[in-house]
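Quick notes on the structure that follows.
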Amino acid sequence: MDTQLYTLADITDYFDRRDFSVCAFDTETNSLVYRKLRMEGCSFANGEAACYINLHNNPQRLGIIDFLHHLFRRKIKSLIMHNAPFDLKVLHKEGIWNVTPKVFCTMTAHHLINENSQHGLKFLAAKYLGVTPVSYEEASTCGLDHPMFLEYAVNDAKWTWDLHKIFNKKIYELNMQRLFFEVEMPFQFCLMDMEINGVLINEEKLEDLRIKATQTHFDLLIQLYKLANIGYSIQPDMFTGECEIVSKRGMTDAVVREILIKRGLKSPYLTKGGADGAKKLVSVGAETLTHLAGDEFIDALTKFKIVDHLLGSFILKMPDHIEDDGRVRSTYWNTGTKTGRLSSRNPNMQQNPKERVQLPFDFKQIFEAPKGKKLLSVDYSGQELRILAIVSQDPTLLHAFKNGYDLHLMTGNSVFDLGIPKEEMCTTHPGYKKLKEKYSDERHIGKNGYNFPIIYGTTAYGVAKNTGVSESEAQEGIDKFFSAYPGVRKAINRTSQFLSENWHVRSLTRRRRRLDPGEKKSHRQAFNFLIQGLAADMIRCACNNLRRIIAEHPEWGIKMIMIIHDEIVMEINEEWIEKATPVIRDIMENAMPKLPIKMEVEIGVGSNYSGAK
DNA sequence: GGCTGCGAGACTCG
DNA sequence: TCACGAGTCTCGCAGCC
């Protein structure tokens with residue numbers, strides 16, 4: 001392959017109206033900040049030729065970008081990238097946004113082929129192409145316009161091209177072409193959109209929250225030191241004037257363990273004991289605190305831990321992520337999990353804390369809609385349980401969802417032999433509401449003690465721990481659950497058998513998870529994957545369809561800004577909410593139109609994320 | 001004594 | 001041993017200068 005071509009005329013000859021791979025290089029710092037992204041170079045390859053265009057310190061930068069814009073807008077057959085959302089984002093930042101929808105992301109392709117592996121370009125090039133890549137740092141030491149960097153940059157495009165040849169074939173061999181081309185590739189643009197859009201932060205509310213949480217943290221810590229007889233002093237910060245508590249003994253886990261002994265408090269819960277299991281200590285986590293609740297020190301510590309974590313992990317960290325336009329742009333990682341779910345980083349938008357009963361700090365209110373807009377949150381109600389019904393084909397579960405029965409109450413009814421007539425558990429039955437209230441405890445245990453844990457493959461031990469009953473009672477409850485829904489037991493056994501014979505399982509979208517059937521845990525993971533994996537692809541389908549509607553109705557002003565597993569959050573122009581909501585509902589509920597039962601969504605609207613929930 | 005890297009444990013979410 | 005899937009923070013320890 002000739003790698004010496006790098007004039008614009010050559011690019012036109014070699015890359016116009018064909019497939020080619022492309023790598024867009026951003027700033028020297030590999031910036032995570034969208035507003036600071038700047039394309040410093042771009043490399044191309046198509047199996048015949050490869051080239052690199054340097055834009056770093058290039059006086060013709062604007063002209064070249066304009067040319068690239070026209071090149072990308074022409075009828076390219078397909079565009080091959082490694083980690084497409086990132087390259088698309090860099091191109092978009094330079095105004096190159098309407099590229100062909102026919103993309104091939106080698107990173108996502110490899111994730112479908114081998115979900116247990118790493119997916120970095122250099123790793124894959126070494127593994128599949130037998131080359132020895134150099135690092136970006138090494139290649140860029142002499143500058144981005146040095147021949148050494150040229151070779152590095154060209155290699156990225158060449159290897160991406162070569163990998164795509166291998167992975168494309170493999171995707172067809174595995175019969176994953178529909179999942180890859182019809183679901184995963186359109187979804188790359190949704191990821192790009194979300195990472196570009198970001199979420200607007202109300203910095204005043206964030207500061208307000210910081211002041212309140214800091215005060216609560218301060219008060220609770222003094223209370224804890226007093227209760228534990230630990231010395232401390234209060235010192236003002238010379239710059240901010242805010243007071244700080246100084247003590248030789250911080251409220252660390254080790255100190256808490258000592259205090260528990262002093263107060264004569266015992267907990268049955270222990271830590272795992274390190275890698276070899278030898279260093280087992282009394283756990284000072286949530287389990288122990290719940291067990292010892294009622295003690296003055298423990299109750300204050302429970303509150304302290306909540307506010308300490310809220311401050312340390314969220315409130316004080318969030319300002320680092322806010323860009324100059326007031327928005328936070330998380331990275332969504334399409335290949336970050338083994339089940340096909342997304343993961344989110346810097347910051348992780350999938351773990352923003354909910355408001356707690358013990359402490360009134362509403363963190364989600366800091367995410368807000370810009371002027372003239374609202375935030376709209378759509379989430380699937382009981383998504384995983386509905387998928388359980390679909391995967392297991394259990395007639396009782398299917399009937400329950402088709403006819404609007406309260407499944408948690410149904411499970412409570414079976415496990416506790418409540419003897420409620422079936423028709424009264426239908427949510428439209430006149431007596432349903434009273435029943436729901438009367439048996440709220442049993443319903444709660446049905447939901448959190450059985451329905452959800454069964455999806456994870458829980459044992460009697462787990463149910464007992466969760467619900468506070470004995471292990472034998474828990475086993476009895478589990479047996480009753482499976483008698484009520486015999487299809488679920490059959491499906492679990494079927495999955496386990498398939499895993500033992502094939503060393504992998506596949507979800508309904510043909511997504512695959514490979515596991516060692518010799519490990520006991522694998523059988524739980526396999527069944528859970530059928531549910532979690534399908535749920536993940538359902539949200540992808542919903543986003544893809546939503547993106548089409550967004551393009552058809554620019555006046556609605558919809559921007560997708562967050563995906564939290566079974567939930568999509570978007571901005572929308574206020575005056576169009578009424579018109580758009582039923583369309584959005586329809587898209588979400590029919591993301592996978594051929595399923596035997598309907599999915600249902602709950603929609604919330606508010607001026608901030610807390611209000612939209 | 002101080003810095004760095006790493007694993008464990010604890011916490012957050014669906 | 002015991003419930004699936006993630007990311008991030010702090011602490012404590014080991015190794016090094």
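Going by the structure tokens order, chains are called A, B, ..., each with residues numbered from 1, while ligands are numbered from 1 in the order shown.
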
Spatial neighbours of Val33 of chain A, 9 Å, only C-alpha atoms (C1' of nucleotides), chain gap at least 6 places, as a list in words: His321, Glu323 and Arg329 of chain A

Fewer than 5 positions away in the same chain doesn't count, so skip those; otherwise give me all residues within 12 Å of DG12 of chain C, counting only C-alpha atoms (C1' of nucleotides), as a ChimeraX atom specification. /A:252-254 /B:6-9

How would the residues just picked look written out with C-alpha atoms (C1' of nucleotides) as a PDB file, in the first residue's frame?
ATOM      1  CA  THR A 252     -12.168   6.300  58.368  1.00  0.00           C
ATOM      2  CA  ASP A 253     -13.340   2.680  58.318  1.00  0.00           C
ATOM      3  CA  ALA A 254     -10.529   1.677  60.688  1.00  0.00           C
TER       4      ALA A 254
ATOM      5  C1'  DC B   6      -2.647  -0.535  43.100  1.00  0.00           C
ATOM      6  C1'  DG B   7      -6.283  -3.300  45.316  1.00  0.00           C
ATOM      7  C1'  DA B   8      -9.975  -3.434  48.551  1.00  0.00           C
ATOM      8  C1'  DG B   9     -13.990  -1.657  50.317  1.00  0.00           C
TER       9       DG B   9
END

Using the chain letters and numbers from this document, which residues of segment 320-561 of chain A does DSSP assign to strand (DSSP E or B), as number ranges by chain? A: 322, 327-328, 331-333, 343-345, 367-368, 373-380, 405, 426, 504-506, 512-514, 559-561

Closest-contact table, chain B side, partner chain A, 7 Å, counting only C-alpha atoms (C1' of nucleotides), as a Markdown table:
| residue | atom | partner | partner_atom | distance |
| --- | --- | --- | --- | --- |
| B:DA8 | C1' | A:Gly274 | CA | 6.3 |
| B:DA10 | C1' | A:Gly285 | CA | 6.2 |
| B:DC11 | C1' | A:His309 | CA | 6.9 |
| B:DT12 | C1' | A:Gln351 | CA | 5.0 |
| B:DC13 | C1' | A:Gln351 | CA | 3.7 |
| B:DG14 | C1' | A:His565 | CA | 5.9 |

Do you have, as CSV, the list of residues of chain A lying at most 9 Å from chain C, each with its nearest atom pair and that distance in Å to one decimal, counting only C-alpha atoms (C1' of nucleotides) and ordered by chain then number?
residue,atom,partner,partner_atom,distance
A:Thr252,CA,C:DC11,C1',7.6
A:Asp253,CA,C:DC11,C1',8.3
A:His309,CA,C:DC9,C1',8.0
A:Gly312,CA,C:DC9,C1',7.2
A:Ser313,CA,C:DC9,C1',6.1
A:Gly336,CA,C:DA6,C1',8.3
A:Thr337,CA,C:DA6,C1',7.2
A:Lys338,CA,C:DG5,C1',8.2
A:Thr339,CA,C:DG5,C1',7.3
A:Arg341,CA,C:DG5,C1',7.7
A:Leu342,CA,C:DA6,C1',8.4
A:Ser343,CA,C:DA6,C1',6.3
A:Ser344,CA,C:DG7,C1',7.6
A:Arg345,CA,C:DG7,C1',6.9
A:Pro347,CA,C:DG7,C1',8.7
A:Asn348,CA,C:DG7,C1',6.4
A:Gln350,CA,C:DA6,C1',8.7
A:Gln351,CA,C:DG7,C1',8.2
A:Pro453,CA,C:DA3,C1',6.2
A:Ile454,CA,C:DA3,C1',8.3
A:Ile455,CA,C:DC4,C1',7.5
A:Tyr456,CA,C:DC4,C1',4.7
A:Gly457,CA,C:DA3,C1',6.4
A:Thr458,CA,C:DA3,C1',5.1
A:Thr459,CA,C:DC2,C1',6.7
A:Ala460,CA,C:DC2,C1',8.3
A:Tyr461,CA,C:DC2,C1',5.9
A:Gly462,CA,C:DC2,C1',6.5
A:Arg524,CA,C:DC4,C1',7.7
A:Gln525,CA,C:DC4,C1',6.4
A:Asn528,CA,C:DC4,C1',5.9
A:Phe529,CA,C:DC4,C1',7.9
A:Gln532,CA,C:DG5,C1',7.9

Selection file, N, CA and C atoms, as an mmCIF file, in the first residue's frame:
data_model
loop_
_atom_site.group_PDB
_atom_site.id
_atom_site.type_symbol
_atom_site.label_atom_id
_atom_site.label_comp_id
_atom_site.auth_asym_id
_atom_site.auth_seq_id
_atom_site.Cartn_x
_atom_site.Cartn_y
_atom_site.Cartn_z
ATOM 1 N N THR A 252 -12.441 7.369 59.339
ATOM 2 C CA THR A 252 -12.168 6.300 58.368
ATOM 3 C C THR A 252 -12.777 4.987 58.851
ATOM 4 N N ASP A 253 -12.770 3.985 57.966
ATOM 5 C CA ASP A 253 -13.340 2.680 58.318
ATOM 6 C C ASP A 253 -12.630 2.097 59.540
ATOM 7 N N HIS A 309 -20.317 11.135 50.898
ATOM 8 C CA HIS A 309 -20.208 10.585 49.548
ATOM 9 C C HIS A 309 -20.802 11.538 48.515
ATOM 10 N N GLY A 312 -18.224 14.412 48.231
ATOM 11 C CA GLY A 312 -16.937 14.002 47.675
ATOM 12 C C GLY A 312 -17.013 13.495 46.252
ATOM 13 N N SER A 313 -18.078 12.748 45.937
ATOM 14 C CA SER A 313 -18.139 12.118 44.614
ATOM 15 C C SER A 313 -18.952 12.896 43.601
ATOM 16 N N GLY A 336 -18.423 -0.808 26.740
ATOM 17 C CA GLY A 336 -17.954 -0.810 28.124
ATOM 18 C C GLY A 336 -18.462 -1.947 28.996
ATOM 19 N N THR A 337 -19.434 -2.716 28.512
ATOM 20 C CA THR A 337 -19.962 -3.802 29.347
ATOM 21 C C THR A 337 -20.032 -5.100 28.546
ATOM 22 N N LYS A 338 -20.092 -6.204 29.256
ATOM 23 C CA LYS A 338 -20.137 -7.504 28.580
ATOM 24 C C LYS A 338 -21.543 -7.859 28.115
ATOM 25 N N THR A 339 -22.536 -7.147 28.631
ATOM 26 C CA THR A 339 -23.922 -7.495 28.301
ATOM 27 C C THR A 339 -24.494 -6.639 27.181
ATOM 28 N N ARG A 341 -24.922 -3.329 27.591
ATOM 29 C CA ARG A 341 -25.339 -2.044 28.146
ATOM 30 C C ARG A 341 -24.301 -0.985 27.844
ATOM 31 N N LEU A 342 -24.716 0.286 27.953
ATOM 32 C CA LEU A 342 -23.756 1.373 27.831
ATOM 33 C C LEU A 342 -23.094 1.597 29.177
ATOM 34 N N SER A 343 -21.892 2.160 29.165
ATOM 35 C CA SER A 343 -21.368 2.708 30.403
ATOM 36 C C SER A 343 -21.078 4.178 30.158
ATOM 37 N N SER A 344 -20.970 4.930 31.228
ATOM 38 C CA SER A 344 -20.811 6.378 31.122
ATOM 39 C C SER A 344 -19.685 6.827 32.043
ATOM 40 N N ARG A 345 -18.880 7.755 31.554
ATOM 41 C CA ARG A 345 -17.712 8.210 32.314
ATOM 42 C C ARG A 345 -17.518 9.713 32.236
ATOM 43 N N PRO A 347 -18.456 12.832 33.714
ATOM 44 C CA PRO A 347 -18.796 12.029 34.872
ATOM 45 C C PRO A 347 -19.715 10.886 34.474
ATOM 46 N N ASN A 348 -19.918 9.956 35.402
ATOM 47 C CA ASN A 348 -20.840 8.857 35.130
ATOM 48 C C ASN A 348 -22.275 9.332 35.374
ATOM 49 N N GLN A 350 -24.893 7.770 34.886
ATOM 50 C CA GLN A 350 -25.810 6.686 35.242
ATOM 51 C C GLN A 350 -25.852 6.445 36.749
ATOM 52 N N GLN A 351 -25.151 7.251 37.527
ATOM 53 C CA GLN A 351 -25.219 7.051 38.967
ATOM 54 C C GLN A 351 -25.484 8.337 39.741
ATOM 55 N N PRO A 453 -34.776 -10.090 42.230
ATOM 56 C CA PRO A 453 -33.662 -10.997 42.495
ATOM 57 C C PRO A 453 -33.653 -12.249 41.616
ATOM 58 N N ILE A 454 -34.844 -12.747 41.237
ATOM 59 C CA ILE A 454 -34.887 -13.956 40.408
ATOM 60 C C ILE A 454 -34.204 -13.697 39.063
ATOM 61 N N ILE A 455 -34.345 -12.458 38.566
ATOM 62 C CA ILE A 455 -33.696 -12.097 37.305
ATOM 63 C C ILE A 455 -32.179 -12.238 37.437
ATOM 64 N N TYR A 456 -31.687 -11.981 38.653
ATOM 65 C CA TYR A 456 -30.242 -12.077 38.881
ATOM 66 C C TYR A 456 -29.815 -13.479 39.276
ATOM 67 N N GLY A 457 -30.790 -14.391 39.428
ATOM 68 C CA GLY A 457 -30.445 -15.767 39.777
ATOM 69 C C GLY A 457 -30.154 -15.961 41.242
ATOM 70 N N THR A 458 -30.899 -15.269 42.087
ATOM 71 C CA THR A 458 -30.617 -15.329 43.521
ATOM 72 C C THR A 458 -30.896 -16.710 44.124
ATOM 73 N N THR A 459 -30.348 -16.921 45.299
ATOM 74 C CA THR A 459 -30.539 -18.176 46.029
ATOM 75 C C THR A 459 -31.366 -17.896 47.284
ATOM 76 N N ALA A 460 -31.697 -18.960 48.012
ATOM 77 C CA ALA A 460 -32.451 -18.810 49.262
ATOM 78 C C ALA A 460 -31.681 -17.914 50.235
ATOM 79 N N TYR A 461 -30.361 -18.062 50.250
ATOM 80 C CA TYR A 461 -29.507 -17.247 51.107
ATOM 81 C C TYR A 461 -29.732 -15.755 50.827
ATOM 82 N N GLY A 462 -29.734 -15.412 49.534
ATOM 83 C CA GLY A 462 -29.904 -14.017 49.124
ATOM 84 C C GLY A 462 -31.281 -13.483 49.494
ATOM 85 N N ARG A 524 -25.947 -18.048 36.084
ATOM 86 C CA ARG A 524 -26.752 -16.875 36.469
ATOM 87 C C ARG A 524 -26.520 -15.734 35.494
ATOM 88 N N GLN A 525 -25.223 -15.548 35.161
ATOM 89 C CA GLN A 525 -24.874 -14.447 34.240
ATOM 90 C C GLN A 525 -25.523 -14.661 32.880
ATOM 91 N N ASN A 528 -29.285 -13.842 33.083
ATOM 92 C CA ASN A 528 -29.427 -12.397 33.255
ATOM 93 C C ASN A 528 -29.093 -11.645 31.964
ATOM 94 N N PHE A 529 -28.115 -12.174 31.239
ATOM 95 C CA PHE A 529 -27.711 -11.534 29.981
ATOM 96 C C PHE A 529 -28.853 -11.509 28.968
ATOM 97 N N GLN A 532 -30.892 -8.504 30.268
ATOM 98 C CA GLN A 532 -30.185 -7.217 30.252
ATOM 99 C C GLN A 532 -29.728 -6.842 28.834
#

Residues within 12 Å of Lys170 of chain A, only C-alpha atoms (C1' of nucleotides), excluding chain neighbours under 3 positions, as a list in words: Thr106, Ala109, His110, His111, Leu112, Ile113, Asn114, Leu163, His164, Lys165, Ile166, Phe167, Glu173, Leu174, Asn175, Met176, Gln177 and Phe180 of chain A

Assign secondary structure with DSSP using the backbone only, and return the residues of segment 305-479 of chain A in helix (DSSP H, G or I) as a PyMOL selection string. chain A and resi 305-315+318-321+349-351+363-366+383-392+395-402+407-415+422-425+432-438+440-456+460-467+471-479

Expressed in Å to a single decimal, how great is the separation between atom CA of Leu227 of chain A and atom CA of Lys248 of chain A?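 We find that atom CA of Leu227 of chain A and atom CA of Lys248 of chain A lie 16.0 Å from each other.
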